[in-house]
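What follows is the content of input_20.cif (mmCIF, C-alpha atoms).
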data_structure
loop_
_atom_site.label_atom_id
_atom_site.label_comp_id
_atom_site.auth_asym_id
_atom_site.auth_seq_id
_atom_site.Cartn_x
_atom_site.Cartn_y
_atom_site.Cartn_z
CA MET A 1 -10.08 10.06 8.02
CA ASN A 2 -11.65 13.36 8.96
CA ALA A 3 -11.31 12.53 12.63
CA VAL A 4 -7.65 11.52 12.32
CA PHE A 5 -6.85 14.62 10.32
CA ALA A 6 -8.60 16.94 12.76
CA ALA A 7 -7.11 15.31 15.86
CA VAL A 8 -3.50 15.22 14.64
CA PHE A 9 -3.74 18.69 13.12
CA VAL A 10 -5.20 20.37 16.19
CA LEU A 11 -2.86 18.64 18.63
CA SER A 12 0.23 19.44 16.55
CA ALA A 13 -0.83 23.04 16.03
CA ALA A 14 -1.36 23.44 19.78
CA LEU A 15 2.09 22.00 20.47
CA PHE A 16 3.62 24.38 17.94
CA LEU A 17 1.85 27.28 19.59
CA VAL A 18 3.46 26.44 22.93
CA SER A 19 6.93 25.42 21.84
CA ASP A 20 7.75 26.90 18.47
CA PRO A 21 5.17 29.18 16.83
CA GLU A 22 7.58 30.11 14.05
CA GLY A 23 8.04 26.52 13.00
CA PHE A 24 4.39 25.97 12.15
CA LEU A 25 4.20 27.43 8.67
CA PRO A 26 7.54 25.99 7.51
CA ALA A 27 6.30 22.54 8.55
CA LEU A 28 3.15 22.93 6.45
CA LEU A 29 5.15 24.27 3.52
CA ALA A 30 7.59 21.38 3.78
CA GLY A 31 4.64 19.02 3.54
CA GLY A 32 3.33 20.85 0.48
CA GLU A 33 6.74 20.76 -1.11
CA LYS A 34 6.99 17.04 -0.52
CA ALA A 35 3.57 16.60 -2.10
CA ALA A 36 4.73 18.52 -5.16
CA THR A 37 7.96 16.57 -5.62
CA LEU A 38 6.35 13.24 -4.77
CA SER A 39 3.60 13.90 -7.33
CA LEU A 40 6.23 14.44 -9.97
CA SER A 41 7.98 11.18 -9.20
CA LEU A 42 4.61 9.41 -9.04
CA LEU A 43 3.80 10.90 -12.43
CA ALA A 44 7.02 9.43 -13.79
CA ALA A 45 6.22 5.99 -12.37
CA TYR A 46 2.61 6.12 -13.61
CA CYS A 47 3.76 7.04 -17.12
CA VAL A 48 5.91 3.92 -17.26
CA TRP A 49 3.38 1.54 -15.76
CA LEU A 50 0.21 2.86 -17.35
CA GLY A 51 1.90 2.52 -20.74
CA PHE A 52 2.94 -1.01 -19.80
CA PHE A 53 -0.54 -1.92 -18.57
CA LYS A 54 -2.21 -0.58 -21.72
CA VAL A 55 0.00 -2.85 -23.81
CA LEU A 56 -0.78 -5.70 -21.43
CA GLU A 57 -4.49 -5.06 -21.85
CA ARG A 58 -4.41 -4.61 -25.62
CA SER A 59 -2.34 -7.73 -26.21
CA GLY A 60 -5.00 -9.84 -24.52
CA LEU A 61 -2.55 -11.11 -21.93
CA SER A 62 -4.23 -9.54 -18.94
CA GLU A 63 -7.50 -11.16 -19.99
CA LYS A 64 -5.77 -14.53 -20.04
CA LEU A 65 -4.08 -13.97 -16.70
CA SER A 66 -7.29 -12.84 -15.09
CA ARG A 67 -9.13 -15.92 -16.29
CA LEU A 68 -6.52 -17.92 -14.42
CA VAL A 69 -7.05 -16.22 -11.07
CA TYR A 70 -10.73 -15.38 -11.52
CA PRO A 71 -12.15 -18.19 -9.34
CA ALA A 72 -9.87 -17.37 -6.41
CA ALA A 73 -10.28 -13.60 -6.76
CA ARG A 74 -14.07 -13.95 -6.94
CA ARG A 75 -14.13 -15.67 -3.59
CA LEU A 76 -11.61 -13.39 -1.94
CA PHE A 77 -13.42 -10.21 -2.94
CA ARG A 78 -16.95 -11.59 -2.97
CA SER A 79 -17.51 -10.01 -6.34
CA ASP A 80 -18.50 -11.02 -9.83
CA ASP A 81 -17.21 -7.90 -11.51
CA ARG A 82 -14.71 -9.26 -14.03
CA GLU A 83 -13.12 -5.91 -14.86
CA ALA A 84 -12.56 -4.91 -11.25
CA LEU A 85 -11.31 -8.36 -10.27
CA MET A 86 -8.80 -8.25 -13.09
CA LEU A 87 -7.46 -4.90 -11.91
CA ALA A 88 -7.37 -6.11 -8.32
CA SER A 89 -5.45 -9.26 -9.13
CA GLN A 90 -2.97 -7.30 -11.23
CA ASN A 91 -2.55 -4.95 -8.29
CA LEU A 92 -1.78 -7.90 -6.02
CA SER A 93 0.76 -9.39 -8.43
CA ALA A 94 2.50 -6.03 -8.83
CA ASN A 95 2.69 -5.91 -5.03
CA PHE A 96 4.21 -9.38 -4.78
CA LEU A 97 6.87 -8.51 -7.31
CA GLY A 98 7.54 -5.18 -5.64
CA LEU A 99 7.32 -3.20 -8.87
CA PRO A 100 7.78 0.34 -7.61
CA GLY A 101 4.83 2.60 -8.44
CA ALA A 102 2.93 -0.09 -10.34
CA PRO A 103 0.34 -1.24 -7.78
CA THR A 104 -1.06 2.23 -7.09
CA PRO A 105 -2.79 3.06 -10.39
CA LEU A 106 -4.25 -0.45 -10.53
CA GLY A 107 -5.40 -0.21 -6.93
CA ILE A 108 -7.05 3.15 -7.46
CA ARG A 109 -8.98 1.88 -10.46
CA ALA A 110 -9.99 -1.38 -8.84
CA THR A 111 -11.19 0.45 -5.73
CA ALA A 112 -13.21 2.86 -7.85
CA ALA A 113 -14.73 -0.03 -9.79
CA PHE A 114 -15.70 -1.94 -6.62
CA GLU A 115 -17.14 1.17 -4.98
CA LYS A 116 -19.14 2.07 -8.06
CA ARG A 117 -20.99 -1.22 -7.71
CA GLY A 118 -21.45 -0.59 -4.01
CA ASN A 119 -19.24 -3.51 -3.04
CA ARG A 120 -17.54 -2.08 0.03
CA TYR A 121 -16.32 -5.42 1.23
CA ALA A 122 -14.21 -5.81 -1.92
CA SER A 123 -12.65 -2.37 -1.76
CA ASP A 124 -11.95 -2.84 1.96
CA MET A 125 -10.33 -6.19 1.24
CA LEU A 126 -8.16 -4.74 -1.50
CA PHE A 127 -7.11 -1.90 0.76
CA VAL A 128 -6.31 -4.21 3.69
CA LEU A 129 -4.22 -6.48 1.45
CA ASN A 130 -2.30 -3.49 0.17
CA ALA A 131 -1.93 -1.91 3.60
CA THR A 132 -0.55 -5.04 5.26
CA SER A 133 2.31 -5.31 2.79
CA LEU A 134 2.59 -8.16 0.33
CA GLN A 135 6.09 -7.58 -0.97
CA LEU A 136 8.12 -10.77 -1.13
CA LEU A 137 11.55 -9.15 -1.06
CA PRO A 138 12.07 -6.05 1.13
CA THR A 139 14.46 -4.52 -1.40
CA THR A 140 14.58 -1.07 0.22
CA VAL A 141 15.56 -2.46 3.60
CA ILE A 142 18.26 -4.70 2.17
CA ALA A 143 19.71 -1.86 0.13
CA LEU A 144 19.75 0.40 3.19
CA ARG A 145 21.40 -2.25 5.35
CA LEU A 146 24.05 -2.86 2.72
CA ALA A 147 24.68 0.87 2.55
CA ALA A 148 25.04 0.97 6.35
CA GLY A 149 27.74 -1.69 6.21
CA SER A 150 25.78 -4.78 7.24
CA SER A 151 27.67 -8.04 6.98
CA SER A 152 24.57 -10.15 6.43
CA ALA A 153 22.00 -7.81 4.95
CA ALA A 154 19.64 -10.57 3.93
CA ASP A 155 19.27 -12.24 7.33
CA ILE A 156 16.05 -10.30 7.96
CA LEU A 157 14.38 -11.98 4.98
CA LEU A 158 12.82 -14.85 6.87
CA PRO A 159 11.41 -12.90 9.84
CA THR A 160 10.14 -10.16 7.50
CA LEU A 161 8.44 -12.67 5.26
CA LEU A 162 6.82 -14.43 8.21
CA ALA A 163 5.68 -11.16 9.79
CA THR A 164 4.31 -9.88 6.47
CA LEU A 165 2.46 -13.09 5.85
CA PHE A 166 1.08 -13.00 9.37
CA SER A 167 -0.15 -9.41 9.06
CA THR A 168 -1.88 -10.14 5.77
CA VAL A 169 -3.60 -13.23 7.15
CA CYS A 170 -4.64 -11.25 10.24
CA GLY A 171 -6.08 -8.50 8.06
CA VAL A 172 -8.06 -10.88 5.89
CA VAL A 173 -9.41 -12.83 8.86
CA LEU A 174 -10.32 -9.69 10.81
CA LEU A 175 -12.09 -8.14 7.86
CA ARG A 176 -14.02 -11.32 7.17
CA LEU A 177 -15.06 -11.51 10.81
CA LEU A 178 -16.20 -7.90 10.79
CA SER A 179 -18.10 -8.16 7.53
CA PRO A 180 -21.51 -9.72 7.62
CA HIS A 181 -21.78 -12.79 5.49
CA HIS A 182 -22.71 -13.14 2.65
CA VAL A 183 -23.96 -10.81 0.02
CA ARG A 184 -22.74 -11.52 -3.45
CA HIS A 185 -22.86 -8.50 -5.66
CA SER A 186 -24.00 -8.93 -9.18
CA PRO A 187 -22.45 -6.77 -11.88
CA SER A 188 -25.48 -4.51 -11.75
CA GLY A 189 -24.81 -3.76 -8.10
CA LYS A 190 -28.09 -5.14 -6.91
CA ARG A 191 -28.25 -7.87 -4.36
CA VAL A 192 -29.68 -10.75 -6.26
CA ARG A 193 -30.27 -14.35 -5.76
CA ARG A 194 -29.27 -16.40 -8.71
CA PRO A 195 -31.63 -15.44 -11.50
CA ALA A 196 -33.95 -18.17 -12.62
CA PRO A 197 -32.61 -19.80 -15.74
CA ARG A 198 -34.28 -18.30 -18.70
CA VAL A 199 -35.70 -20.72 -21.17
CA ARG A 200 -34.30 -19.82 -24.50
CA ARG A 201 -36.89 -19.90 -27.16
CA LEU A 202 -35.70 -21.61 -30.26
CA LYS A 203 -36.27 -19.83 -33.49
CA LYS A 204 -38.65 -21.50 -35.76
CA MET B 1 19.36 -10.52 -5.08
CA LYS B 2 21.27 -10.34 -8.34
CA TYR B 3 18.65 -12.31 -10.21
CA PHE B 4 15.86 -10.20 -8.83
CA ALA B 5 17.12 -7.27 -10.92
CA LEU B 6 16.22 -9.30 -14.01
CA VAL B 7 12.51 -9.38 -13.21
CA ILE B 8 11.53 -5.95 -14.47
CA PRO B 9 13.46 -5.90 -17.77
CA LEU B 10 12.29 -9.44 -18.47
CA LEU B 11 8.68 -8.47 -17.85
CA PHE B 12 8.90 -5.62 -20.33
CA LEU B 13 10.77 -7.66 -22.89
CA ALA B 14 8.36 -10.59 -22.73
CA LEU B 15 5.28 -8.40 -22.97
CA PHE B 16 6.54 -6.24 -25.82
CA VAL B 17 7.69 -9.21 -27.88
CA PHE B 18 4.32 -10.85 -27.29
CA ALA B 19 2.55 -7.65 -28.33
CA ILE B 20 4.62 -7.39 -31.51
CA VAL B 21 3.76 -10.98 -32.38
CA ARG B 22 0.12 -10.13 -31.83
CA LYS B 23 0.56 -7.20 -34.28
CA ILE B 24 -0.20 -4.52 -31.71
CA LYS B 25 0.79 -0.98 -32.63
CA LEU B 26 3.15 -0.67 -29.72
CA TYR B 27 3.82 3.07 -29.88
CA ASP B 28 0.18 4.09 -30.22
CA CYS B 29 -0.85 1.73 -27.49
CA PHE B 30 1.86 2.74 -25.02
CA THR B 31 1.21 6.45 -25.44
CA GLU B 32 -2.50 5.88 -24.99
CA GLY B 33 -1.73 4.39 -21.59
CA VAL B 34 0.60 7.20 -20.61
CA LYS B 35 -2.18 9.69 -21.38
CA GLU B 36 -4.00 8.52 -18.26
CA ALA B 37 -1.09 9.35 -15.96
CA ILE B 38 -1.74 13.08 -15.54
CA PRO B 39 -5.45 12.82 -14.64
CA LEU B 40 -4.56 10.11 -12.15
CA VAL B 41 -1.93 12.24 -10.41
CA LEU B 42 -4.29 15.23 -10.42
CA SER B 43 -7.08 13.25 -8.79
CA VAL B 44 -4.80 12.01 -6.03
CA PHE B 45 -2.92 15.25 -5.44
CA PRO B 46 -5.17 17.02 -2.90
CA TYR B 47 -5.27 14.00 -0.60
CA LEU B 48 -1.56 13.46 -0.98
CA ALA B 49 -0.83 17.07 -0.09
CA ALA B 50 -3.07 17.05 2.99
CA MET B 51 -1.58 13.77 4.16
CA LEU B 52 2.02 14.89 3.75
CA MET B 53 1.39 18.20 5.52
CA LEU B 54 -0.17 16.24 8.35
CA SER B 55 2.78 13.86 8.64
CA GLU B 56 5.18 16.83 8.64
CA LEU B 57 3.18 18.48 11.44
CA PHE B 58 3.03 15.21 13.35
CA GLU B 59 6.80 14.89 13.34
CA ARG B 60 7.98 18.47 13.68
CA SER B 61 5.54 19.52 16.38
CA GLY B 62 7.01 16.94 18.72
CA LEU B 63 3.69 15.13 18.84
CA SER B 64 5.26 11.94 17.55
CA ALA B 65 8.08 12.21 20.11
CA ALA B 66 5.58 12.86 22.92
CA LEU B 67 3.46 9.88 21.86
CA THR B 68 6.56 7.74 21.60
CA SER B 69 7.72 8.46 25.14
CA PHE B 70 4.16 8.11 26.40
CA LEU B 71 3.76 4.70 24.80
CA ALA B 72 7.30 3.42 25.37
CA PRO B 73 6.52 1.52 28.60
CA ALA B 74 3.59 -0.25 26.97
CA PHE B 75 5.75 -1.09 23.97
CA ARG B 76 8.50 -2.43 26.19
CA PHE B 77 5.99 -4.59 27.98
CA LEU B 78 4.94 -6.08 24.64
CA GLY B 79 8.53 -6.82 23.66
CA ILE B 80 9.01 -3.94 21.25
CA PRO B 81 12.26 -2.04 21.91
CA PRO B 82 11.43 1.61 22.74
CA GLU B 83 13.89 2.80 20.10
CA ILE B 84 11.53 1.36 17.50
CA ALA B 85 8.34 2.82 18.92
CA LYS B 86 8.80 5.96 16.85
CA LEU B 87 9.15 3.93 13.67
CA VAL B 88 6.00 1.98 14.48
CA LEU B 89 4.09 5.24 15.02
CA LEU B 90 5.47 7.03 11.99
CA LYS B 91 5.17 4.28 9.41
CA PRO B 92 1.37 4.52 8.91
CA PHE B 93 1.72 8.20 8.04
CA SER B 94 4.85 8.56 6.01
CA GLY B 95 6.89 6.23 3.84
CA ASN B 96 9.72 8.68 3.26
CA GLY B 97 9.83 9.70 6.91
CA SER B 98 10.11 6.13 8.10
CA THR B 99 12.77 5.31 5.51
CA ALA B 100 14.84 8.21 6.83
CA LEU B 101 14.24 7.03 10.39
CA LEU B 102 15.29 3.50 9.49
CA SER B 103 18.63 4.64 8.12
CA GLU B 104 19.11 6.80 11.22
CA ILE B 105 18.57 3.71 13.37
CA PHE B 106 21.11 1.81 11.26
CA ALA B 107 23.64 4.61 11.68
CA GLN B 108 23.08 4.91 15.41
CA TYR B 109 22.95 1.26 16.48
CA GLY B 110 24.84 -0.47 13.63
CA ALA B 111 23.09 -2.33 10.83
CA ASP B 112 23.55 -5.77 12.41
CA SER B 113 22.36 -4.94 15.93
CA TYR B 114 19.20 -6.41 17.40
CA ILE B 115 17.53 -2.99 17.30
CA ALA B 116 18.39 -2.52 13.63
CA ARG B 117 17.17 -5.97 12.66
CA CYS B 118 13.96 -5.42 14.57
CA ALA B 119 13.48 -2.08 12.85
CA SER B 120 14.11 -3.69 9.46
CA VAL B 121 11.46 -6.31 10.06
CA CYS B 122 8.96 -3.71 11.31
CA TYR B 123 9.62 -1.52 8.31
CA GLY B 124 9.40 -4.38 5.83
CA SER B 125 6.27 -5.97 7.19
CA SER B 126 4.06 -2.91 7.62
CA GLU B 127 2.72 -0.30 5.25
CA THR B 128 1.81 3.37 5.08
CA VAL B 129 -1.81 2.76 6.04
CA PHE B 130 -3.10 6.35 6.08
CA TYR B 131 -1.28 7.25 2.93
CA ILE B 132 -2.66 4.26 1.02
CA SER B 133 -6.17 4.89 2.28
CA ALA B 134 -5.96 8.54 1.20
CA VAL B 135 -4.81 7.57 -2.28
CA TYR B 136 -7.00 4.51 -2.94
CA PHE B 137 -10.25 5.97 -1.73
CA ALA B 138 -9.51 9.43 -3.15
CA GLY B 139 -11.80 9.17 -6.14
CA THR B 140 -14.67 7.34 -4.48
CA GLY B 141 -16.00 10.04 -2.18
CA ARG B 142 -16.42 7.48 0.57
CA LYS B 143 -16.18 8.94 4.05
CA ASN B 144 -16.41 6.10 6.51
CA LEU B 145 -13.11 4.28 6.47
CA ILE B 146 -12.90 3.29 10.12
CA LYS B 147 -13.24 -0.43 9.56
CA PRO B 148 -10.59 -0.95 6.87
CA ILE B 149 -8.12 1.43 8.53
CA ALA B 150 -8.58 -0.15 11.95
CA VAL B 151 -8.15 -3.65 10.52
CA ALA B 152 -4.98 -2.63 8.68
CA LEU B 153 -3.48 -0.86 11.70
CA ILE B 154 -4.19 -3.75 14.06
CA SER B 155 -2.74 -6.29 11.62
CA ASN B 156 0.37 -4.20 11.10
CA PHE B 157 0.84 -3.82 14.83
CA LEU B 158 0.48 -7.55 15.41
CA SER B 159 3.07 -8.21 12.73
CA VAL B 160 5.46 -5.84 14.52
CA LEU B 161 4.97 -7.85 17.71
CA LEU B 162 5.68 -11.06 15.86
CA GLY B 163 8.63 -9.52 14.01
CA CYS B 164 10.33 -8.37 17.22
CA PHE B 165 9.79 -11.77 18.77
CA LEU B 166 11.20 -13.55 15.71
CA CYS B 167 14.28 -11.32 15.70
CA ARG B 168 15.01 -12.44 19.25
CA ILE B 169 14.83 -16.15 18.52
CA LEU B 170 16.09 -16.39 14.92
#
Mind converting the file's structure to structure tokens?
Amino acid sequence: MNAVFAAVFVLSAALFLVSDPEGFLPALLAGGEKAATLSLSLLAAYCVWLGFFKVLERSGLSEKLSRLVYPAARRLFRSDDREALMLASQNLSANFLGLPGAPTPLGIRATAAFEKRGNRYASDMLFVLNATSLQLLPTTVIALRLAAGSSSAADILLPTLLATLFSTVCGVVLLRLLSPHHVRHSPSGKRVRRPAPRVRRLKK
Amino acid sequence: MKYFALVIPLLFLALFVFAIVRKIKLYDCFTEGVKEAIPLVLSVFPYLAAMLMLSELFERSGLSAALTSFLAPAFRFLGIPPEIAKLVLLKPFSGNGSTALLSEIFAQYGADSYIARCASVCYGSSETVFYISAVYFAGTGRKNLIKPIAVALISNFLSVLLGCFLCRIL
């Protein structure tokens, strides 16, 4: 990230210097302004969804849902961390449904939880899944096409779905290929082989 | 499309009714969740600001235009219309920027043209990679993100290739 930031920043600044030195500061300020307004609208979305998720958690529903997907999620993320897996699978479902603003808080927490246990593979996987788009219905695109007077706004559904699916599969396969097999992380973060079964001593 | 609008209200309704049945104090619980919103936004803000300034510089300095014209022949060779090259380059940096660009493309070429359909598929099947990485890894202090970012960028690019090809045959 540091390299990308430095490269793009320096190159753009140099271009500004040559072509339009007065445009440099306004461009930065416009970025800052966007950050300020975007943060406000993110705050609004987070208020709605974090309230929703707290109710989901308290009602015991998210526990039930996570038990359902636990076996699959465990394999996908190579992790045994129940809490993090639950957040990650909620993040994925919010992505599928295209709930605006909902996946982000879940994704941030799940990433933090995976990283805390030193499970980089899991946080990479979650990021790649999110960054290759999982949304089933491209609602923004369809709305924009309708607004632009398209006669068949939904005819991009099939190619978009196929391309999205393809990019996600590519991402998962690439990441698996690039990640050395196979360290399962225990909840304590240590690399352990299965602990020897402890003989429980009966009282009396 | 019409039924899809039902998803979100139904989700809320189902959950809240379930919570009431379970005798959850809905108001207390909901507000407790909302409390976490401000710290979350605060923790993400610096990365968001840096990223958005960068994407503004990238566009306004002409760097994105220069890159686009530089890469156009390669893109054409791969079957990506040059008009879309800019979208492909901008999307990893900026969601808002690429949304604006998409509607510009619709206005310029007509929403049902091959170019517009291609652009729609590219937009719908890729994500704002740098933005997501900035936000998701913000709190972790992790520096080395080359692998996940490279994987995501490559996958997104491959999906653009496939998307443009599909638009030609479907």
Point to revise | Test item: residues at most 9 Å from region 160-169 of chain A, all atoms listed in the file, excluding those fewer than 2 positions along its chain, as a PyMOL selection string | key: (chain A and resi 128-138+156-158+171-174) or (chain B and resi 120-126+152+154-163+166)
Point to revise | Residue nearest chain B among A:Gly51, A:Leu65, A:Val4, A:Phe96 (counting only C-alpha atoms) | key: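 Ranking A:Gly51, A:Leu65, A:Val4, A:Phe96 by distance to chain B, first place goes to A:Gly51.
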I need the residue set behind the PyMOL selection byres ((chain A and resi 58) around 10) for this file; please write it as a PDB file with C-alpha atoms, keeping the file's coordinate frame.
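What ended up in part_34.pdb:
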ATOM      1  CA  PHE A  53      -0.540  -1.920 -18.570  1.00  0.00           C
ATOM      2  CA  LYS A  54      -2.210  -0.580 -21.720  1.00  0.00           C
ATOM      3  CA  VAL A  55       0.000  -2.850 -23.810  1.00  0.00           C
ATOM      4  CA  LEU A  56      -0.780  -5.700 -21.430  1.00  0.00           C
ATOM      5  CA  GLU A  57      -4.490  -5.060 -21.850  1.00  0.00           C
ATOM      6  CA  SER A  59      -2.340  -7.730 -26.210  1.00  0.00           C
ATOM      7  CA  GLY A  60      -5.000  -9.840 -24.520  1.00  0.00           C
ATOM      8  CA  LEU A  61      -2.550 -11.110 -21.930  1.00  0.00           C
ATOM      9  CA  SER A  62      -4.230  -9.540 -18.940  1.00  0.00           C
ATOM     10  CA  GLU A  63      -7.500 -11.160 -19.990  1.00  0.00           C
TER      11      GLU A  63
ATOM     12  CA  ALA B  19       2.550  -7.650 -28.330  1.00  0.00           C
ATOM     13  CA  ARG B  22       0.120 -10.130 -31.830  1.00  0.00           C
ATOM     14  CA  ILE B  24      -0.200  -4.520 -31.710  1.00  0.00           C
ATOM     15  CA  LYS B  25       0.790  -0.980 -32.630  1.00  0.00           C
ATOM     16  CA  LEU B  26       3.150  -0.670 -29.720  1.00  0.00           C
ATOM     17  CA  CYS B  29      -0.850   1.730 -27.490  1.00  0.00           C
ATOM     18  CA  PHE B  30       1.860   2.740 -25.020  1.00  0.00           C
TER      19      PHE B  30
END
Exercise for review: Quote the spacing between CA of Thr104 (chain A) and CA of Ala30 (chain A) in Å to one decimal place.
Suggested key: 23.7 Å
For Ala111 (chain B), list every protein, DNA or RNA residue within 10 Å, evaluated using all atoms listed in the file, and leave out those in the same chain fewer than 4 positions away; present the list as a CSV table (one decimal) with C-alpha atoms, in the frame of the given file.
chain,number,residue,atom,x,y,z
A,144,LEU,CA,19.8,0.4,3.2
A,145,ARG,CA,21.4,-2.2,5.4
A,146,LEU,CA,24.0,-2.9,2.7
A,147,ALA,CA,24.7,0.9,2.6
A,148,ALA,CA,25.0,1.0,6.4
A,149,GLY,CA,27.7,-1.7,6.2
A,150,SER,CA,25.8,-4.8,7.2
A,151,SER,CA,27.7,-8.0,7.0
A,152,SER,CA,24.6,-10.2,6.4
A,153,ALA,CA,22.0,-7.8,5.0
B,102,LEU,CA,15.3,3.5,9.5
B,103,SER,CA,18.6,4.6,8.1
B,104,GLU,CA,19.1,6.8,11.2
B,105,ILE,CA,18.6,3.7,13.4
B,106,PHE,CA,21.1,1.8,11.3
B,107,ALA,CA,23.6,4.6,11.7
B,115,ILE,CA,17.5,-3.0,17.3
B,116,ALA,CA,18.4,-2.5,13.6
B,117,ARG,CA,17.2,-6.0,12.7
B,119,ALA,CA,13.5,-2.1,12.8
B,120,SER,CA,14.1,-3.7,9.5
Check your understanding: So which one's closest to Met1 (chain A), B:Phe75, B:Phe130, B:Phe165, B:Phe70? Using all atoms listed in the file, please.
Key -> B:Phe130
**Study point:** Residue list as a PyMOL selection string for point (-15.5, -11.5, -5.3), cut-off 12 Å, all atoms listed in the file
**Key:** chain A and resi 69-86+88-89+114+117+119-126+182-187
Point to revise | Atom-to-atom span, CA of Phe45 (chain B) and CA of Leu29 (chain A), Å | key: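 CA of Phe45 (chain B) sits 15.1 Å away from CA of Leu29 (chain A).
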Point to revise | Resolved residues for the PyMOL selection byres ((chain A and resi 103) around 12) as a count of residues only | key: 41
Report as JSON the centre and the edge lengths, in Å to one decimal, of the axis-aligned box holding every listed atom of region 45-63 of chain A, padded by 8 Å on each side.
{"center_x": -0.6, "center_y": -2.1, "center_z": -19.3, "size_x": 29.7, "size_y": 34.2, "size_z": 29.8}
**Study point:** Distance criterion (all atoms listed in the file): nearest to Lys34 (chain A) out of B:Leu6, B:Leu52, B:Arg168, B:Pro46
**Key:**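 Result for the nearest residue to Lys34 (chain A): B:Leu52.
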Show which residues sit within 12 Å of Phe58 (chain B), as a short mmCIF file (atom, residue, chain, number, x, y, z; two decimals) with C-alpha atoms, keeping the file's coordinate frame. Count only C-alpha atoms, and ignore same-chain residues fewer than 5 positions away.
data_model
loop_
_atom_site.label_atom_id
_atom_site.label_comp_id
_atom_site.auth_asym_id
_atom_site.auth_seq_id
_atom_site.Cartn_x
_atom_site.Cartn_y
_atom_site.Cartn_z
CA VAL A 4 -7.65 11.52 12.32
CA PHE A 5 -6.85 14.62 10.32
CA ALA A 6 -8.60 16.94 12.76
CA ALA A 7 -7.11 15.31 15.86
CA VAL A 8 -3.50 15.22 14.64
CA PHE A 9 -3.74 18.69 13.12
CA VAL A 10 -5.20 20.37 16.19
CA LEU A 11 -2.86 18.64 18.63
CA SER A 12 0.23 19.44 16.55
CA ALA A 13 -0.83 23.04 16.03
CA ALA A 14 -1.36 23.44 19.78
CA LEU A 15 2.09 22.00 20.47
CA PHE A 16 3.62 24.38 17.94
CA PHE A 24 4.39 25.97 12.15
CA ALA A 27 6.30 22.54 8.55
CA LEU A 28 3.15 22.93 6.45
CA GLY A 31 4.64 19.02 3.54
CA MET B 51 -1.58 13.77 4.16
CA LEU B 52 2.02 14.89 3.75
CA MET B 53 1.39 18.20 5.52
CA LEU B 63 3.69 15.13 18.84
CA SER B 64 5.26 11.94 17.55
CA ALA B 65 8.08 12.21 20.11
CA ALA B 66 5.58 12.86 22.92
CA LEU B 67 3.46 9.88 21.86
CA THR B 68 6.56 7.74 21.60
CA LYS B 86 8.80 5.96 16.85
CA LEU B 89 4.09 5.24 15.02
CA LEU B 90 5.47 7.03 11.99
CA LYS B 91 5.17 4.28 9.41
CA PRO B 92 1.37 4.52 8.91
CA PHE B 93 1.72 8.20 8.04
CA SER B 94 4.85 8.56 6.01
CA GLY B 97 9.83 9.70 6.91
#
**Study point:** Polymer residues at most 8 Å from Ala36 (chain A), only C-alpha atoms, same-chain spacing of 4 or more positions, as a list in words
**Key:** Gly32 and Leu40 of chain A; Ala49 of chain B
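In this structure, CA of Thr140 (chain B) sits 20.4 Å away from CA of Leu43 (chain A).
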Review point. Of the residues A:Asn2, A:Cys47, A:Glu33, A:Ile142, which is the one nearest to chain B, using all atoms listed in the file?
Key: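 The closest residue to chain B is A:Cys47.
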Exercise for review: Give the answer as one residue: which of A:Gly118, A:Pro180, A:Pro21, A:Pro159 has the shortest atom-to-atom distance to chain B, using all atoms listed in the file?
Suggested key: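 Closest to chain B, using all atoms listed in the file: A:Pro159.
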